[in-house]
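Raw coords_8.cif, mmCIF, C-alpha atoms and all ligand atoms:
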```cif
data_model
loop_
_atom_site.label_atom_id
_atom_site.label_comp_id
_atom_site.auth_asym_id
_atom_site.auth_seq_id
_atom_site.Cartn_x
_atom_site.Cartn_y
_atom_site.Cartn_z
CA MET A 1 80.47 128.09 44.03
CA THR A 2 77.62 130.59 43.93
CA LEU A 3 75.39 129.77 41.01
CA ILE A 4 74.64 133.30 39.80
CA GLY A 5 75.20 134.75 36.35
CA ASN A 6 74.19 137.39 33.81
CA TRP A 7 74.53 135.82 30.39
CA SER A 8 73.98 137.14 26.90
CA TYR A 9 73.61 133.99 24.83
CA PRO A 10 71.47 132.58 23.39
CA THR A 11 69.57 135.57 24.86
CA ALA A 12 69.76 137.82 27.96
CA ILE A 13 69.55 135.53 31.00
CA ARG A 14 69.40 136.56 34.66
CA PHE A 15 70.35 133.39 36.51
CA GLY A 16 70.21 132.86 40.26
CA ALA A 17 68.05 132.14 43.30
CA GLY A 18 65.63 134.92 44.25
CA ARG A 19 65.97 136.81 41.00
CA ILE A 20 62.22 136.70 40.29
CA GLU A 21 62.29 140.00 42.24
CA GLU A 22 63.94 141.51 39.14
CA LEU A 23 60.86 140.88 37.00
CA PRO A 24 59.91 144.60 36.76
CA ASP A 25 63.44 145.39 35.63
CA ALA A 26 63.33 142.57 33.09
CA CYS A 27 60.03 143.92 31.72
CA ALA A 28 61.56 147.39 31.39
CA GLN A 29 64.55 145.88 29.59
CA ALA A 30 62.15 144.16 27.16
CA GLY A 31 60.12 147.36 26.68
CA ILE A 32 56.97 146.06 28.39
CA GLN A 33 54.75 148.35 30.49
CA ARG A 34 51.59 146.28 30.64
CA PRO A 35 52.38 142.55 30.62
CA LEU A 36 50.01 139.60 30.40
CA LEU A 37 51.33 136.72 32.50
CA VAL A 38 50.61 133.44 30.71
CA THR A 39 50.79 130.15 32.60
CA ASP A 40 48.86 126.89 33.04
CA ARG A 41 45.83 126.20 35.25
CA GLY A 42 47.74 124.14 37.80
CA LEU A 43 50.39 126.78 38.33
CA ALA A 44 47.98 129.72 38.50
CA GLU A 45 46.90 128.75 42.01
CA LEU A 46 50.37 128.05 43.39
CA PRO A 47 52.16 130.46 45.77
CA ILE A 48 55.06 131.04 43.31
CA THR A 49 52.60 132.43 40.77
CA GLN A 50 50.67 134.47 43.29
CA ALA A 51 53.94 135.94 44.60
CA THR A 52 55.01 136.80 41.06
CA LEU A 53 51.70 138.58 40.40
CA GLU A 54 52.32 140.48 43.63
CA VAL A 55 55.78 141.59 42.37
CA MET A 56 54.12 142.81 39.17
CA LYS A 57 51.37 144.66 41.03
CA ASN A 58 53.78 146.37 43.42
CA ALA A 59 55.77 147.66 40.45
CA GLY A 60 52.67 149.12 38.77
CA LEU A 61 52.62 146.49 36.02
CA GLY A 62 49.08 145.33 36.82
CA SER A 63 48.20 141.68 37.38
CA GLY A 64 47.02 140.43 34.00
CA LEU A 65 46.78 136.64 34.02
CA PHE A 66 45.81 134.02 31.43
CA ALA A 67 45.94 130.38 32.51
CA ASP A 68 43.61 128.31 30.30
CA VAL A 69 46.23 125.87 29.07
CA ASP A 70 45.84 122.12 28.56
CA LEU A 71 48.69 119.66 29.21
CA ASN A 72 49.52 119.43 25.51
CA LEU A 73 48.45 122.91 24.52
CA ASN A 74 46.25 123.33 21.47
CA ASP A 75 44.94 125.95 19.06
CA LYS A 76 41.81 126.56 21.21
CA ASN A 77 44.01 127.57 24.15
CA LEU A 78 45.87 129.88 21.78
CA ALA A 79 42.72 131.49 20.38
CA ALA A 80 41.41 132.20 23.90
CA GLY A 81 44.79 133.62 24.92
CA ILE A 82 44.98 135.94 21.92
CA GLU A 83 41.49 137.20 22.70
CA ALA A 84 42.46 137.91 26.33
CA TYR A 85 45.64 139.66 25.19
CA ARG A 86 43.85 141.91 22.70
CA ALA A 87 40.93 142.68 25.02
CA GLY A 88 43.24 143.67 27.89
CA GLY A 89 45.35 146.12 25.88
CA TYR A 90 48.63 144.44 26.84
CA ASP A 91 52.00 145.29 25.29
CA GLY A 92 53.98 142.16 26.02
CA VAL A 93 53.93 138.71 27.59
CA ILE A 94 55.48 137.13 30.66
CA ALA A 95 55.64 133.45 29.67
CA PHE A 96 55.65 131.66 33.02
CA GLY A 97 55.76 127.92 33.65
CA GLY A 98 56.92 124.67 32.25
CA GLY A 99 56.90 124.09 28.50
CA SER A 100 53.11 124.52 28.42
CA GLY A 101 52.98 128.04 29.89
CA LEU A 102 56.18 129.11 28.12
CA ASP A 103 55.09 127.82 24.71
CA LEU A 104 51.63 129.34 24.94
CA GLY A 105 52.98 132.68 26.17
CA LYS A 106 55.41 132.81 23.26
CA LEU A 107 52.65 131.97 20.77
CA ILE A 108 50.27 134.61 22.14
CA ALA A 109 53.00 137.25 21.77
CA PHE A 110 53.64 135.98 18.25
CA MET A 111 50.08 135.62 17.00
CA ALA A 112 48.27 138.57 18.64
CA GLY A 113 49.39 140.86 15.80
CA GLN A 114 49.25 138.45 12.84
CA THR A 115 46.53 138.04 10.23
CA ARG A 116 47.48 134.57 8.90
CA PRO A 117 46.58 131.34 10.75
CA VAL A 118 49.21 129.90 13.09
CA TRP A 119 49.66 126.76 10.94
CA ASP A 120 51.20 128.96 8.23
CA PHE A 121 54.26 129.30 10.47
CA GLU A 122 55.09 125.64 10.89
CA ASP A 123 58.81 124.95 11.18
CA ILE A 124 59.30 123.96 7.55
CA GLY A 125 61.69 125.74 5.19
CA ASP A 126 61.31 129.49 5.49
CA CYS A 127 57.57 129.56 6.35
CA TRP A 128 58.38 131.91 9.22
CA THR A 129 59.23 134.70 6.75
CA ARG A 130 55.48 134.93 6.01
CA ALA A 131 54.96 136.54 9.44
CA ASP A 132 54.85 140.27 10.16
CA ALA A 133 57.92 140.37 12.41
CA GLU A 134 57.23 143.97 13.53
CA ALA A 135 53.90 142.88 15.04
CA ILE A 136 55.44 140.33 17.42
CA ALA A 137 55.14 141.48 21.04
CA PRO A 138 58.14 141.33 23.42
CA ILE A 139 58.48 138.30 25.70
CA VAL A 140 60.02 137.81 29.15
CA ALA A 141 60.30 134.09 30.00
CA VAL A 142 60.29 132.62 33.50
CA PRO A 143 60.71 128.82 33.61
CA THR A 144 59.29 126.90 36.58
CA THR A 145 60.39 123.45 35.43
CA ALA A 146 63.86 122.39 34.28
CA GLY A 147 63.27 120.49 31.08
CA THR A 148 62.02 121.86 27.79
CA GLY A 149 64.40 124.82 27.65
CA SER A 150 61.65 126.63 25.75
CA GLU A 151 62.75 129.81 27.58
CA VAL A 152 65.75 129.95 25.23
CA GLY A 153 64.04 128.47 22.18
CA ARG A 154 62.69 129.97 18.98
CA ALA A 155 59.82 127.51 18.65
CA SER A 156 56.64 126.43 20.39
CA VAL A 157 54.90 123.08 20.14
CA LEU A 158 51.16 123.30 19.41
CA THR A 159 48.64 120.46 19.06
CA ASN A 160 45.96 120.72 16.38
CA SER A 161 42.73 120.08 18.28
CA LEU A 162 41.05 118.49 15.23
CA SER A 163 43.81 116.25 13.84
CA HIS A 164 45.59 115.75 17.21
CA VAL A 165 48.90 116.33 15.43
CA LYS A 166 51.64 118.24 17.28
CA LYS A 167 53.23 120.90 15.12
CA ILE A 168 56.35 122.96 15.76
CA ILE A 169 55.74 126.67 15.19
CA PHE A 170 58.88 128.68 14.55
CA HIS A 171 59.94 132.30 14.40
CA PRO A 172 63.35 133.69 15.43
CA LYS A 173 61.62 136.60 17.19
CA ILE A 174 59.80 134.37 19.68
CA LEU A 175 63.12 133.78 21.38
CA PRO A 176 62.33 135.64 24.64
CA SER A 177 64.21 138.95 24.97
CA VAL A 178 64.90 138.38 28.66
CA VAL A 179 64.86 135.19 30.75
CA ILE A 180 64.77 134.98 34.53
CA CYS A 181 66.04 131.61 35.75
CA ASP A 182 65.26 131.43 39.45
CA PRO A 183 65.80 127.88 40.71
CA GLU A 184 63.69 128.59 43.80
CA LEU A 185 60.63 128.54 41.51
CA THR A 186 61.27 124.87 40.69
CA ILE A 187 61.48 123.63 44.28
CA GLY A 188 57.79 122.71 44.51
CA MET A 189 57.78 120.46 41.44
CA PRO A 190 56.40 117.01 42.31
CA LYS A 191 58.86 114.12 41.91
CA SER A 192 57.27 112.75 38.74
CA ILE A 193 57.48 116.16 37.03
CA THR A 194 61.07 116.66 38.22
CA ALA A 195 61.95 113.31 36.64
CA GLY A 196 59.98 113.74 33.41
CA THR A 197 61.11 117.30 32.70
CA GLY A 198 64.75 116.57 33.64
CA LEU A 199 64.77 113.62 31.26
CA ASP A 200 63.37 115.85 28.50
CA ALA A 201 66.48 118.02 28.91
CA PHE A 202 68.54 114.83 28.79
CA ALA A 203 66.74 113.65 25.62
CA HIS A 204 67.48 117.00 23.94
CA CYS A 205 71.19 116.59 24.73
CA VAL A 206 71.29 112.92 23.68
CA GLU A 207 69.47 113.50 20.40
CA ALA A 208 71.47 116.62 19.51
CA PHE A 209 74.68 114.71 20.31
CA SER A 210 73.53 111.76 18.14
CA SER A 211 72.47 113.86 15.17
CA PRO A 212 74.87 113.55 12.21
CA HIS A 213 74.76 117.23 11.20
CA TYR A 214 77.95 119.31 11.53
CA HIS A 215 77.61 121.68 14.49
CA PRO A 216 80.53 121.41 16.94
CA MET A 217 79.19 124.17 19.22
CA SER A 218 76.00 122.19 19.82
CA GLN A 219 78.03 119.02 20.26
CA GLY A 220 80.00 120.54 23.13
CA ILE A 221 76.93 122.00 24.81
CA ALA A 222 75.07 118.69 24.54
CA LEU A 223 77.93 116.78 26.15
CA GLU A 224 78.19 119.08 29.17
CA GLY A 225 74.39 119.13 29.41
CA MET A 226 74.39 115.33 29.73
CA ARG A 227 76.98 115.58 32.50
CA LEU A 228 74.86 118.05 34.48
CA VAL A 229 71.79 115.82 34.21
CA LYS A 230 73.76 112.73 35.25
CA GLU A 231 75.16 114.49 38.30
CA TYR A 232 72.24 116.64 39.43
CA LEU A 233 68.93 115.09 38.33
CA PRO A 234 69.14 112.20 40.83
CA ARG A 235 69.91 114.78 43.54
CA ALA A 236 67.00 117.06 42.60
CA TYR A 237 64.72 114.01 42.51
CA ALA A 238 65.86 112.70 45.89
CA ASN A 239 65.64 116.10 47.60
CA GLY A 240 63.52 118.74 45.92
CA ASN A 241 64.98 121.43 48.20
CA ASP A 242 68.55 120.87 46.95
CA ILE A 243 68.92 124.33 45.42
CA GLU A 244 72.31 123.61 43.83
CA ALA A 245 70.86 120.59 42.01
CA ARG A 246 67.78 122.59 40.99
CA ALA A 247 70.00 125.37 39.61
CA GLN A 248 72.25 123.01 37.66
CA MET A 249 69.18 121.34 36.16
CA MET A 250 67.89 124.74 35.01
CA SER A 251 71.17 125.22 33.17
CA ALA A 252 71.00 121.71 31.69
CA ALA A 253 67.50 122.47 30.37
CA MET A 254 68.70 125.59 28.56
CA MET A 255 71.70 123.71 27.22
CA GLY A 256 69.51 120.95 25.80
CA ALA A 257 67.34 123.45 23.94
CA THR A 258 70.38 125.34 22.66
CA ALA A 259 72.02 122.12 21.51
CA PHE A 260 69.01 120.79 19.64
CA GLN A 261 69.36 123.47 16.99
CA LYS A 262 71.62 120.71 15.61
CA GLY A 263 68.64 118.38 15.31
CA LEU A 264 66.43 116.03 17.31
CA GLY A 265 65.64 112.45 16.33
CA ALA A 266 63.51 109.33 16.76
CA ILE A 267 62.87 109.86 20.49
CA HIS A 268 60.96 113.07 19.79
CA ALA A 269 59.43 111.75 16.56
CA LEU A 270 57.94 108.80 18.48
CA SER A 271 56.99 110.87 21.50
CA HIS A 272 55.08 113.72 19.84
CA PRO A 273 52.25 111.52 18.43
CA VAL A 274 51.93 109.58 21.71
CA GLY A 275 51.68 112.85 23.62
CA SER A 276 49.00 114.30 21.38
CA VAL A 277 46.90 111.10 21.01
CA PHE A 278 47.11 109.79 24.59
CA ASN A 279 47.76 113.09 26.41
CA THR A 280 50.93 111.81 28.10
CA HIS A 281 53.64 114.02 29.62
CA HIS A 282 56.24 114.92 26.98
CA GLY A 283 59.49 114.35 28.87
CA THR A 284 58.27 111.14 30.52
CA THR A 285 57.25 109.78 27.11
CA ASN A 286 60.71 110.60 25.71
CA ALA A 287 62.36 108.82 28.61
CA VAL A 288 60.41 105.62 27.95
CA CYS A 289 61.45 105.70 24.25
CA MET A 290 65.13 106.45 24.81
CA PRO A 291 66.60 102.95 25.46
CA ALA A 292 64.98 101.47 22.32
CA VAL A 293 66.11 104.41 20.17
CA LEU A 294 69.73 104.24 21.39
CA ASP A 295 69.73 100.55 20.57
CA PHE A 296 68.19 101.20 17.12
CA ASN A 297 70.80 103.87 16.29
CA ALA A 298 73.70 101.91 17.83
CA GLU A 299 75.94 101.41 14.82
CA MET A 300 75.76 105.05 13.77
CA ILE A 301 76.42 106.58 17.21
CA ARG A 302 78.67 104.03 18.94
CA THR A 303 81.96 105.91 18.45
CA ARG A 304 80.70 109.25 19.65
CA PHE A 305 79.06 107.73 22.72
CA ASP A 306 82.26 105.80 23.54
CA MET A 307 83.79 109.26 23.86
CA ALA A 308 80.82 110.69 25.79
CA ALA A 309 80.90 107.78 28.24
CA ALA A 310 84.57 108.47 28.98
CA TYR A 311 83.77 112.14 29.68
CA LEU A 312 80.77 111.23 31.82
CA GLY A 313 82.79 108.76 33.90
CA ILE A 314 80.76 105.78 32.68
CA GLU A 315 82.65 102.53 32.11
CA GLY A 316 82.01 100.33 29.10
CA GLY A 317 81.67 102.92 26.29
CA PHE A 318 78.40 102.93 24.34
CA GLU A 319 77.04 99.80 26.06
CA GLY A 320 77.88 101.32 29.43
CA PHE A 321 75.99 104.46 28.42
CA THR A 322 72.83 102.57 27.42
CA ALA A 323 72.93 100.59 30.67
CA PHE A 324 73.27 103.89 32.55
CA VAL A 325 70.20 105.33 30.75
CA GLN A 326 68.02 102.35 31.74
CA SER A 327 69.18 102.48 35.34
CA LEU A 328 68.60 106.26 35.50
CA ASN A 329 65.03 105.74 34.21
CA ASP A 330 64.44 102.99 36.78
CA GLN A 331 65.86 105.10 39.59
CA LEU A 332 63.55 108.00 38.66
CA GLY A 333 60.40 105.88 38.54
CA ILE A 334 59.97 105.98 34.74
CA PRO A 335 57.89 103.07 33.42
CA ARG A 336 59.54 100.68 30.95
CA THR A 337 56.72 100.75 28.39
CA LEU A 338 54.46 103.26 26.68
CA SER A 339 51.53 100.98 27.54
CA GLU A 340 52.05 101.89 31.20
CA LEU A 341 51.51 105.55 30.17
CA GLY A 342 48.19 104.58 28.55
CA ALA A 343 49.23 104.08 24.91
CA THR A 344 47.67 101.11 23.12
CA PRO A 345 49.33 98.93 20.44
CA GLU A 346 46.19 98.92 18.25
CA ARG A 347 47.04 102.45 17.18
CA ILE A 348 50.66 101.83 16.15
CA ASP A 349 49.93 102.18 12.41
CA GLU A 350 48.31 105.57 12.95
CA LEU A 351 51.10 106.70 15.31
CA ALA A 352 53.78 105.74 12.77
CA GLU A 353 51.98 107.72 10.05
CA MET A 354 52.08 110.76 12.33
CA ALA A 355 55.68 110.20 13.43
CA ILE A 356 57.07 110.09 9.89
CA GLN A 357 55.70 113.62 9.34
CA ASP A 358 57.48 114.98 12.41
CA PRO A 359 60.38 117.32 11.60
CA SER A 360 62.42 115.65 14.36
CA CYS A 361 62.88 112.67 12.01
CA GLY A 362 65.39 114.70 10.00
CA GLY A 363 68.02 114.64 12.75
CA ASN A 364 68.01 110.89 13.41
CA PRO A 365 71.28 109.16 12.45
CA VAL A 366 69.43 106.19 10.88
CA THR A 367 66.88 107.15 8.21
CA LEU A 368 63.38 106.66 9.59
CA THR A 369 60.64 104.92 7.61
CA ILE A 370 57.07 103.93 8.40
CA ASP A 371 58.23 100.35 8.89
CA ASN A 372 61.10 101.01 11.28
CA LEU A 373 58.96 103.50 13.23
CA LYS A 374 56.30 100.80 13.68
CA GLU A 375 58.98 98.40 14.86
CA LEU A 376 60.28 101.03 17.31
CA TYR A 377 56.75 101.57 18.66
CA ARG A 378 56.34 97.80 19.11
CA ARG A 379 59.59 97.70 21.10
CA CYS A 380 58.50 100.66 23.25
CA MET A 381 55.04 99.23 24.02
N1 LIG A 401 59.31 124.76 22.79
C1 LIG A 401 60.10 123.74 22.89
O1 LIG A 401 61.21 123.78 22.41
C2 LIG A 401 59.65 122.51 23.60
C3 LIG A 401 60.55 121.47 23.83
C4 LIG A 401 60.09 120.36 24.52
C5 LIG A 401 58.77 120.29 24.95
N2 LIG A 401 57.91 121.30 24.69
C6 LIG A 401 56.50 121.28 25.15
O2 LIG A 401 56.48 121.58 26.53
C7 LIG A 401 55.36 120.96 27.14
C8 LIG A 401 55.80 120.20 28.37
O3 LIG A 401 56.40 121.09 29.28
P1 LIG A 401 56.86 120.61 30.75
O4 LIG A 401 57.44 119.25 30.62
O5 LIG A 401 57.70 121.67 31.31
O6 LIG A 401 55.50 120.43 31.53
P2 LIG A 401 54.23 121.40 31.73
O7 LIG A 401 54.55 122.79 31.46
O8 LIG A 401 53.11 120.79 30.95
O9 LIG A 401 53.96 121.22 33.29
C9 LIG A 401 53.64 119.93 33.81
C10 LIG A 401 52.90 120.09 35.11
O10 LIG A 401 53.79 120.60 36.12
C11 LIG A 401 53.19 121.68 36.79
N3 LIG A 401 54.27 122.57 37.25
C12 LIG A 401 55.10 123.31 36.48
N4 LIG A 401 55.99 123.96 37.25
C13 LIG A 401 55.72 123.64 38.54
C14 LIG A 401 56.29 124.00 39.80
N5 LIG A 401 57.36 124.80 39.87
N6 LIG A 401 55.74 123.50 40.92
C15 LIG A 401 54.68 122.66 40.85
N7 LIG A 401 54.11 122.27 39.69
C16 LIG A 401 54.62 122.75 38.55
C17 LIG A 401 52.24 122.30 35.80
O11 LIG A 401 51.19 122.99 36.44
C18 LIG A 401 51.73 121.07 35.05
O12 LIG A 401 50.65 120.49 35.72
C19 LIG A 401 54.75 120.07 26.08
O13 LIG A 401 53.64 120.75 25.53
C20 LIG A 401 55.83 119.93 25.04
O14 LIG A 401 55.32 119.67 23.76
C21 LIG A 401 58.34 122.41 24.05
FE FE A 402 61.50 117.71 24.24
#
```
What do you get writing this file as structure tokens?
Ligand SMILES: NC(=O)c1ccc[n+]([C@@H]2O[C@H](COP(=O)([O-])OP(=O)(O)OC[C@H]3O[C@@H](n4cnc5c(N)ncnc54)[C@H](O)[C@@H]3O)[C@@H](O)[C@H]2O)c1
Ligand SMILES: [Fe+2]
Amino acid sequence: MTLIGNWSYPTAIRFGAGRIEELPDACAQAGIQRPLLVTDRGLAELPITQATLEVMKNAGLGSGLFADVDLNLNDKNLAAGIEAYRAGGYDGVIAFGGGSGLDLGKLIAFMAGQTRPVWDFEDIGDCWTRADAEAIAPIVAVPTTAGTGSEVGRASVLTNSLSHVKKIIFHPKILPSVVICDPELTIGMPKSITAGTGLDAFAHCVEAFSSPHYHPMSQGIALEGMRLVKEYLPRAYANGNDIEARAQMMSAAMMGATAFQKGLGAIHALSHPVGSVFNTHHGTTNAVCMPAVLDFNAEMIRTRFDMAAAYLGIEGGFEGFTAFVQSLNDQLGIPRTLSELGATPERIDELAEMAIQDPSCGGNPVTLTIDNLKELYRRCM
């Protein structure tokens, strides 16, 4: 099967190897004449980024680049990006990268025309209606990892550089107008990033599938997303040049992000504080937390995972599924404890105080409290 497609939900997606060449067309479709390409420092130097800038230049789109992004991007990165955007007279953003480049690109397009501070648009209630929607610049998204699915998401994650708290910033108009999913861009990902980002996609599917809210569309997408990860992540990890596996993982990433409109849960609630305090990689942190969270939620999710296991070809129902998750982590070189990622148990009280504030708590099938979050952290350390 040739893995090529032009899709229209959840937004316009041009999917297929080599399609980065269509970037000028995608910009025209989004109404952008003078784009700022936003990515992270590491990616800026890589040949895929240089080649993309070349495509832009050849099409008369200039070669505007902003790449001052930290691993867990913060408000200082955003302020510098907005300044670069305004000073350069740009009229739209190409958000290019993993979750870091994508999230920052989306936020620059969002915030360049606003007068209120970014924290006013946290994903709580209808805070987003405070924004001037007309002033949001158009966005073309180009993922280079297969994990966060931020290319089809309406939120960005931003760390407060003073409090070290990760906040989710939401506006429906930061859903990119056009996405180019070119699996060739993901071929150079190092093994550890392939594993960590792929397991972030998996965590999105698992948590959406576990969430008790009624949303059958998300349920179906999450289930098929889990199947794609199970089948193709080990292949992409074993052989980074396996373009079919890379393509299927790009789809799984978008499916995870689409599915988690139904809700996330304790994995993300635990992971966000660890990421912002200890600067760990998001997807890798999720993967470490997943076995303990599945165990903690067991009684509320057993029946639905019995069904998922049957679909995924895993014997032993829910227990079979949890055993599969641990063996997948082991196979992909994920440590068994957060301590191995650099987190320290002395800070559990503080981490639990941060976790209980995380909006992801709302989607967990068992109600989360400070006490059970502390217990979960102890199990994960
Ligand atoms: N918006 C959302 O819905 C959402 C969801 C989950 C996570 N996130 C956020 O996304 C961020 C994590 O994103 P990520 O996991 O994609 O990692 P990342 O964007 O931080 O990238 C990780 C590393 O991989 C490198 N890299 C990326 N693509 C590469 C490629 N093709 N070849 C070689 N190296 C490459 C980057 O330079 C970087 O050093 C976190 O900030 C997290 O909070 C957002
Ligand atoms: Fe995530």
Task: Within 9 Å of A:Lys230 using all atoms listed in the file, minus same-chain residues under 3 positions, as a PyMOL selection string - done: chain A and resi 202+225-227+233-234+312+328
Open item on the list: Measuring between only C-alpha atoms and all ligand atoms, which one of A:Gly196, A:Gly188, A:Gly320, A:Gly92 shows the shortest distance to ligand FE 402 (chain A)?
Closed with: A:Gly196
- [ ] Kindly indicate which residue among A:Asp306, A:Asp103, A:Asp68, A:Asp123 lies nearest to A:Gly153, using only C-alpha atoms for the distances.
- [x] A:Asp103
Open item on the list: Could you list, as a list in words, all residues that come within 8 Å of ligand FE 402 (chain A)? Count all atoms listed in the file.
Closed with: Gly147, Thr148, Asp200, Ala201, Ala203, His204, His268, His282, Gly283 and Asn286 of chain A
Could you take the residues named above and write them with C-alpha atoms, as a CSV table (one decimal), keeping the file's coordinate frame?
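Written out: selection.csv:
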```csv
chain,number,residue,atom,x,y,z
A,147,GLY,CA,63.3,120.5,31.1
A,148,THR,CA,62.0,121.9,27.8
A,200,ASP,CA,63.4,115.8,28.5
A,201,ALA,CA,66.5,118.0,28.9
A,203,ALA,CA,66.7,113.6,25.6
A,204,HIS,CA,67.5,117.0,23.9
A,268,HIS,CA,61.0,113.1,19.8
A,282,HIS,CA,56.2,114.9,27.0
A,283,GLY,CA,59.5,114.4,28.9
A,286,ASN,CA,60.7,110.6,25.7
```
Task: Near-ligand residues for ligand LIG 401 (chain A), threshold 6 Å, all atoms listed in the file, as a list of chain:residue names - done: A:Asp40, A:Gly42, A:Leu43, A:Leu71, A:Asn72, A:Leu73, A:Gly97, A:Gly98, A:Gly99, A:Ser100, A:Gly101, A:Asp103, A:Thr144, A:Thr145, A:Gly147, A:Thr148, A:Ser150, A:Gly153, A:Ala155, A:Ser156, A:Val157, A:Leu185, A:Thr186, A:Gly188, A:Met189, A:Ile193, A:Thr197, A:His282, A:Gly283
Open item on the list: Would you pick out the contacts of A:Val152 at 7 Å or less, using only C-alpha atoms, so that residues sharing its chain but fewer than 4 positions from it are not included, and give the list as JSON, numbers by chain?
Closed with: {"A": [10, 11, 175, 176, 254, 257]}
- [ ] Kindly indicate which residue among A:Thr39, A:Ser251, A:Thr129, A:Gln50 lies nearest to A:Asn77, using all atoms listed in the file for the distances.
- [x]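 The shortest atom-to-atom distance to A:Asn77 comes from A:Thr39.
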TODO: State, in Å with one decimal place, the distance from atom CA of A:Glu350 to atom CA of A:His272.
DONE: 12.6 Å
